[in-house]
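Here the structure is laid out as structure tokens; the discussion comes afterwards.
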Amino acid sequence: IDYEFTVESNGPDDAGAVELAKATRLDRDDLGDAIILRARYPEPGSQTATIILKVPTRLGVRVESGRGITISNVATAHLEGNRGNVTATSIKGAVTGIHQDGDFTVTGAQSIKLRLLRAQGVLAKVVDGLILDVRDGDCKISDSAGALEVDETRAEISISQHRGTITVRGTNGRVTVDRPTTDTRVDTRRAEVEIVMDRAVTATILTTDEPVRLLLAGTPAFILDAAATVAGIQATDFGLTPEITAPDARLSHTFGSGSTVRVTLRNTRGDII
């Protein structure tokens, strides 16, 4: 393991700043199966430290209470209590942790389990599933695989090119699912939902108070079961007319032939389009 530790400090004058920087130290605690590196700062002045740490690729890394982090080519990465931007690339195992107030970007990982608070997540090339809790921010998931589970609150979620089951739960915000490949379920309240389908995929979309949009790319064959309570259904693009029993609307239609795949749309106080 190799590391480089640099410190910037202010002080009453140049000489004082240099002394305060020199007084900053990096403590090392060897626990056998783990090594802890912890920065210790003097009381006067204000210091900013940067650590460049090089470890064998077989080792995992845990970072706490940092600001501005870049990690690549390690076994696992756990991040907690950090602020600012985080970038992780080519992680052989899991990326886990809690992050707030900044960008969180992962490109290449075995799996992800994260809580994002007031953060902007960009997650790509994850091969074996993601579990996400996203609040007051946004998260884009693309070109990944495995089971995807998202709980969102006042967040904007965008999912594209995902190869695996999709489950999204939440309130408020917005959910976009672009070209799902297998079973998809979105169960939200007061959230706008849009799904783009280019193949027959079993999907259940539930929301309230905001629109649900179903867009077709190509001619997938499926059975549509749509119902809006205290709202309407707009299907003129497909040349279809819903059944109206004021104040509700319902539309059942089979697209193509020979398919048993069902797409179920439900909305209360919001239109289905």
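Within each chain, counting starts at residue 1; across the structure tokens, chains are named A, B, ... in the order shown, with ligands numbered 1 upward in that order.
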Problem set entry | Expected answer as a PyMOL selection string: strand (DSSP E) residues in region 44-252 of chain A | chain A and resi 47-54+61-64+67-72+77-126+130-135+138-142+148-153+156-160+166-171+174-178+184-189+192-197+203-208+212-216+222-229+243-245+248-252
Would you save the residues from that selection as a CSV table (one decimal), in the first residue's frame, using C-alpha atoms?
```csv
chain,number,residue,atom,x,y,z
A,47,GLN,CA,-6.5,22.9,6.7
A,48,THR,CA,-7.5,20.9,3.6
A,49,ALA,CA,-5.8,17.5,3.1
A,50,THR,CA,-5.6,15.3,0.0
A,51,ILE,CA,-4.8,11.6,0.1
A,52,ILE,CA,-3.8,9.7,-3.0
A,53,LEU,CA,-3.9,6.0,-1.9
A,54,LYS,CA,-2.7,3.1,-4.1
A,61,VAL,CA,-11.9,0.7,0.2
A,62,ARG,CA,-14.0,2.5,2.8
A,63,VAL,CA,-14.1,6.3,2.8
A,64,GLU,CA,-15.9,8.4,5.5
A,67,ARG,CA,-15.1,15.7,0.3
A,68,GLY,CA,-14.4,15.0,-3.4
A,69,ILE,CA,-13.5,11.3,-3.9
A,70,THR,CA,-12.3,9.3,-6.9
A,71,ILE,CA,-12.0,5.5,-6.6
A,72,SER,CA,-11.1,3.0,-9.3
A,77,ALA,CA,-16.1,0.5,-2.3
A,78,HIS,CA,-18.1,1.8,0.7
A,79,LEU,CA,-18.7,5.5,1.1
A,80,GLU,CA,-20.5,7.1,4.0
A,81,GLY,CA,-20.8,10.6,5.5
A,82,ASN,CA,-19.0,12.2,2.5
A,83,ARG,CA,-20.0,15.4,0.7
A,84,GLY,CA,-19.2,16.8,-2.7
A,85,ASN,CA,-18.7,14.7,-5.8
A,86,VAL,CA,-17.8,11.0,-5.8
A,87,THR,CA,-16.6,9.0,-8.9
A,88,ALA,CA,-16.2,5.3,-8.8
A,89,THR,CA,-15.1,3.2,-11.9
A,90,SER,CA,-14.3,-0.4,-12.5
A,91,ILE,CA,-15.2,-1.7,-9.1
A,92,LYS,CA,-15.1,-5.5,-9.2
A,93,GLY,CA,-17.5,-6.1,-6.4
A,94,ALA,CA,-20.2,-4.0,-4.6
A,95,VAL,CA,-20.5,-0.2,-4.2
A,96,THR,CA,-22.4,0.6,-1.0
A,97,GLY,CA,-23.0,3.5,1.3
A,98,ILE,CA,-24.9,6.8,1.9
A,99,HIS,CA,-24.2,10.0,0.1
A,100,GLN,CA,-25.6,13.5,0.2
A,101,ASP,CA,-25.1,16.9,-1.4
A,102,GLY,CA,-23.2,16.2,-4.6
A,103,ASP,CA,-22.8,14.0,-7.7
A,104,PHE,CA,-22.4,10.3,-7.2
A,105,THR,CA,-21.1,8.6,-10.4
A,106,VAL,CA,-20.5,4.9,-10.8
A,107,THR,CA,-19.3,3.3,-14.1
A,108,GLY,CA,-18.7,-0.4,-13.8
A,109,ALA,CA,-19.5,-2.4,-10.7
A,110,GLN,CA,-20.8,-5.8,-9.7
A,111,SER,CA,-23.7,-4.4,-7.6
A,112,ILE,CA,-24.9,-1.2,-5.9
A,113,LYS,CA,-26.7,-0.6,-2.7
A,114,LEU,CA,-27.0,3.2,-2.0
A,115,ARG,CA,-28.9,5.9,-0.2
A,116,LEU,CA,-28.8,9.2,-2.0
A,117,LEU,CA,-30.0,12.4,-0.3
A,118,ARG,CA,-30.0,15.7,-2.2
A,119,ALA,CA,-27.7,14.1,-4.7
A,120,GLN,CA,-27.4,13.4,-8.4
A,121,GLY,CA,-26.7,9.8,-9.2
A,122,VAL,CA,-25.4,8.5,-12.5
A,123,LEU,CA,-25.0,4.7,-12.4
A,124,ALA,CA,-24.0,2.7,-15.4
A,125,LYS,CA,-22.6,-0.8,-16.3
A,126,VAL,CA,-23.7,-2.5,-13.1
A,130,LEU,CA,-29.0,-2.3,-7.7
A,131,ILE,CA,-30.9,-1.3,-4.6
A,132,LEU,CA,-31.4,2.5,-4.3
A,133,ASP,CA,-33.1,4.9,-1.8
A,134,VAL,CA,-33.2,8.3,-3.5
A,135,ARG,CA,-34.6,11.4,-1.8
A,138,ASP,CA,-32.3,12.6,-9.2
A,139,CYS,CA,-30.8,9.3,-10.4
A,140,LYS,CA,-30.1,8.0,-13.8
A,141,ILE,CA,-29.5,4.2,-14.2
A,142,SER,CA,-28.4,2.9,-17.6
A,148,LEU,CA,-33.3,-3.1,-9.9
A,149,GLU,CA,-35.2,-1.8,-6.8
A,150,VAL,CA,-35.7,1.9,-6.2
A,151,ASP,CA,-37.5,3.7,-3.4
A,152,GLU,CA,-37.9,7.4,-4.2
A,153,THR,CA,-39.2,10.5,-2.4
A,156,GLU,CA,-36.5,12.1,-10.6
A,157,ILE,CA,-35.7,8.6,-11.6
A,158,SER,CA,-34.6,7.7,-15.2
A,159,ILE,CA,-34.0,4.0,-16.2
A,160,SER,CA,-32.8,3.0,-19.6
A,166,ILE,CA,-37.5,-3.2,-12.4
A,167,THR,CA,-39.4,-2.2,-9.2
A,168,VAL,CA,-39.9,1.4,-8.3
A,169,ARG,CA,-41.9,2.6,-5.3
A,170,GLY,CA,-42.3,6.2,-4.0
A,171,THR,CA,-44.1,9.5,-3.7
A,174,ARG,CA,-41.0,11.6,-11.7
A,175,VAL,CA,-40.2,8.1,-13.1
A,176,THR,CA,-39.1,7.3,-16.6
A,177,VAL,CA,-38.5,3.8,-17.8
A,178,ASP,CA,-37.1,3.5,-21.3
A,184,THR,CA,-41.6,-3.9,-14.6
A,185,ARG,CA,-43.6,-2.5,-11.7
A,186,VAL,CA,-43.9,1.1,-10.7
A,187,ASP,CA,-46.1,1.8,-7.6
A,188,THR,CA,-46.1,5.5,-6.8
A,189,ARG,CA,-48.2,8.3,-5.4
A,192,GLU,CA,-45.5,11.4,-13.1
A,193,VAL,CA,-44.7,8.1,-14.8
A,194,GLU,CA,-43.5,7.5,-18.4
A,195,ILE,CA,-42.8,4.1,-19.9
A,196,VAL,CA,-41.4,3.5,-23.5
A,197,MET,CA,-41.9,-0.1,-24.7
A,203,ALA,CA,-45.7,-4.1,-16.7
A,204,THR,CA,-47.9,-2.7,-13.9
A,205,ILE,CA,-47.9,1.1,-13.5
A,206,LEU,CA,-49.8,2.7,-10.6
A,207,THR,CA,-49.8,6.3,-9.6
A,208,THR,CA,-52.1,9.2,-8.6
A,212,VAL,CA,-49.1,8.2,-16.8
A,213,ARG,CA,-47.7,8.0,-20.4
A,214,LEU,CA,-47.3,4.9,-22.4
A,215,LEU,CA,-45.2,5.2,-25.6
A,216,LEU,CA,-44.6,2.5,-28.1
A,222,PHE,CA,-49.5,-7.1,-25.6
A,223,ILE,CA,-52.8,-6.8,-23.8
A,224,LEU,CA,-53.5,-3.3,-22.4
A,225,ASP,CA,-55.7,-2.9,-19.3
A,226,ALA,CA,-56.0,0.8,-18.4
A,227,ALA,CA,-58.3,2.4,-15.9
A,228,ALA,CA,-58.4,6.0,-14.7
A,229,THR,CA,-60.4,7.0,-11.6
A,243,GLU,CA,-65.3,3.5,-22.1
A,244,ILE,CA,-66.5,6.4,-20.0
A,245,THR,CA,-68.5,6.0,-16.8
A,248,ASP,CA,-63.9,7.3,-14.6
A,249,ALA,CA,-62.5,5.9,-17.8
A,250,ARG,CA,-61.4,2.4,-18.8
A,251,LEU,CA,-59.7,1.0,-21.9
A,252,SER,CA,-58.9,-2.6,-22.8
```
Show which residues sit within 9 Å of region 41-43 of chain A, as a JSON list (two decimals) with all heavy atoms, in the first residue's frame. Count only C-alpha atoms, and ignore same-chain residues fewer than 2 positions away.
```json
[["chain", "number", "residue", "atom", "x", "y", "z"],
["A", 20, "LEU", "N", 1.50, 25.13, 10.50],
["A", 20, "LEU", "CA", 0.22, 24.46, 10.72],
["A", 20, "LEU", "C", 0.05, 23.28, 9.75],
["A", 20, "LEU", "O", -0.49, 22.23, 10.12],
["A", 20, "LEU", "CB", -0.93, 25.45, 10.57],
["A", 20, "LEU", "CG", -1.06, 26.49, 11.67],
["A", 20, "LEU", "CD1", -2.13, 27.52, 11.31],
["A", 20, "LEU", "CD2", -1.41, 25.81, 13.00],
["A", 21, "ALA", "N", 0.50, 23.46, 8.51],
["A", 21, "ALA", "CA", 0.42, 22.36, 7.55],
["A", 21, "ALA", "C", 1.29, 21.19, 8.00],
["A", 21, "ALA", "O", 0.88, 20.02, 7.91],
["A", 21, "ALA", "CB", 0.84, 22.83, 6.17],
["A", 23, "ALA", "N", 1.99, 20.47, 11.01],
["A", 23, "ALA", "CA", 1.41, 19.87, 12.21],
["A", 23, "ALA", "C", 0.26, 18.92, 11.88],
["A", 23, "ALA", "O", -0.16, 18.13, 12.74],
["A", 23, "ALA", "CB", 0.92, 20.97, 13.16],
["A", 24, "THR", "N", -0.25, 19.01, 10.68],
["A", 24, "THR", "CA", -1.29, 18.05, 10.25],
["A", 24, "THR", "C", -0.63, 16.71, 10.00],
["A", 24, "THR", "O", 0.41, 16.63, 9.35],
["A", 24, "THR", "CB", -1.97, 18.55, 8.96],
["A", 24, "THR", "OG1", -2.47, 19.86, 9.18],
["A", 24, "THR", "CG2", -3.12, 17.64, 8.58],
["A", 25, "ARG", "N", -1.24, 15.65, 10.51],
["A", 25, "ARG", "CA", -0.61, 14.34, 10.36],
["A", 25, "ARG", "C", -1.64, 13.31, 9.88],
["A", 25, "ARG", "O", -2.85, 13.50, 10.01],
["A", 25, "ARG", "CB", 0.02, 13.88, 11.66],
["A", 25, "ARG", "CG", -0.97, 13.54, 12.76],
["A", 25, "ARG", "CD", -0.24, 13.10, 14.04],
["A", 25, "ARG", "NE", -1.13, 12.50, 15.01],
["A", 25, "ARG", "CZ", -1.78, 13.19, 15.94],
["A", 25, "ARG", "NH1", -1.62, 14.50, 16.02],
["A", 25, "ARG", "NH2", -2.57, 12.55, 16.79],
["A", 26, "LEU", "N", -1.12, 12.24, 9.34],
["A", 26, "LEU", "CA", -1.95, 11.12, 8.91],
["A", 26, "LEU", "C", -1.63, 9.92, 9.80],
["A", 26, "LEU", "O", -0.53, 9.37, 9.74],
["A", 26, "LEU", "CB", -1.67, 10.78, 7.44],
["A", 26, "LEU", "CG", -2.57, 9.71, 6.80],
["A", 26, "LEU", "CD1", -4.01, 10.21, 6.72],
["A", 26, "LEU", "CD2", -2.07, 9.35, 5.41],
["A", 39, "ALA", "N", -6.83, 11.48, 9.03],
["A", 39, "ALA", "CA", -6.16, 12.77, 9.10],
["A", 39, "ALA", "C", -6.44, 13.44, 10.44],
["A", 39, "ALA", "O", -7.57, 13.45, 10.92],
["A", 39, "ALA", "CB", -6.61, 13.67, 7.95],
["A", 45, "GLY", "N", -6.10, 27.69, 12.68],
["A", 45, "GLY", "CA", -6.11, 27.71, 11.23],
["A", 45, "GLY", "C", -7.15, 26.79, 10.62],
["A", 45, "GLY", "O", -7.99, 26.20, 11.30],
["A", 46, "SER", "N", -7.08, 26.70, 9.31],
["A", 46, "SER", "CA", -7.98, 25.83, 8.55],
["A", 46, "SER", "C", -7.16, 25.07, 7.53],
["A", 46, "SER", "O", -6.44, 25.67, 6.73],
["A", 46, "SER", "CB", -9.06, 26.67, 7.86],
["A", 46, "SER", "OG", -9.89, 25.85, 7.06],
["A", 47, "GLN", "N", -7.29, 23.74, 7.55],
["A", 47, "GLN", "CA", -6.48, 22.90, 6.68],
["A", 47, "GLN", "C", -7.37, 22.07, 5.74],
["A", 47, "GLN", "O", -8.48, 21.69, 6.10],
["A", 47, "GLN", "CB", -5.58, 21.93, 7.48],
["A", 47, "GLN", "CG", -4.54, 22.60, 8.34],
["A", 47, "GLN", "CD", -5.10, 23.16, 9.62],
["A", 47, "GLN", "OE1", -5.97, 22.55, 10.24],
["A", 47, "GLN", "NE2", -4.61, 24.32, 10.03]]
```
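Within 8 Å of Thr219 (chain A), once only C-alpha atoms are used and residues closer than 6 positions along the same chain are dropped, the contacting residues are Asp198, Arg199, Phe255 and Gly256 of chain A.
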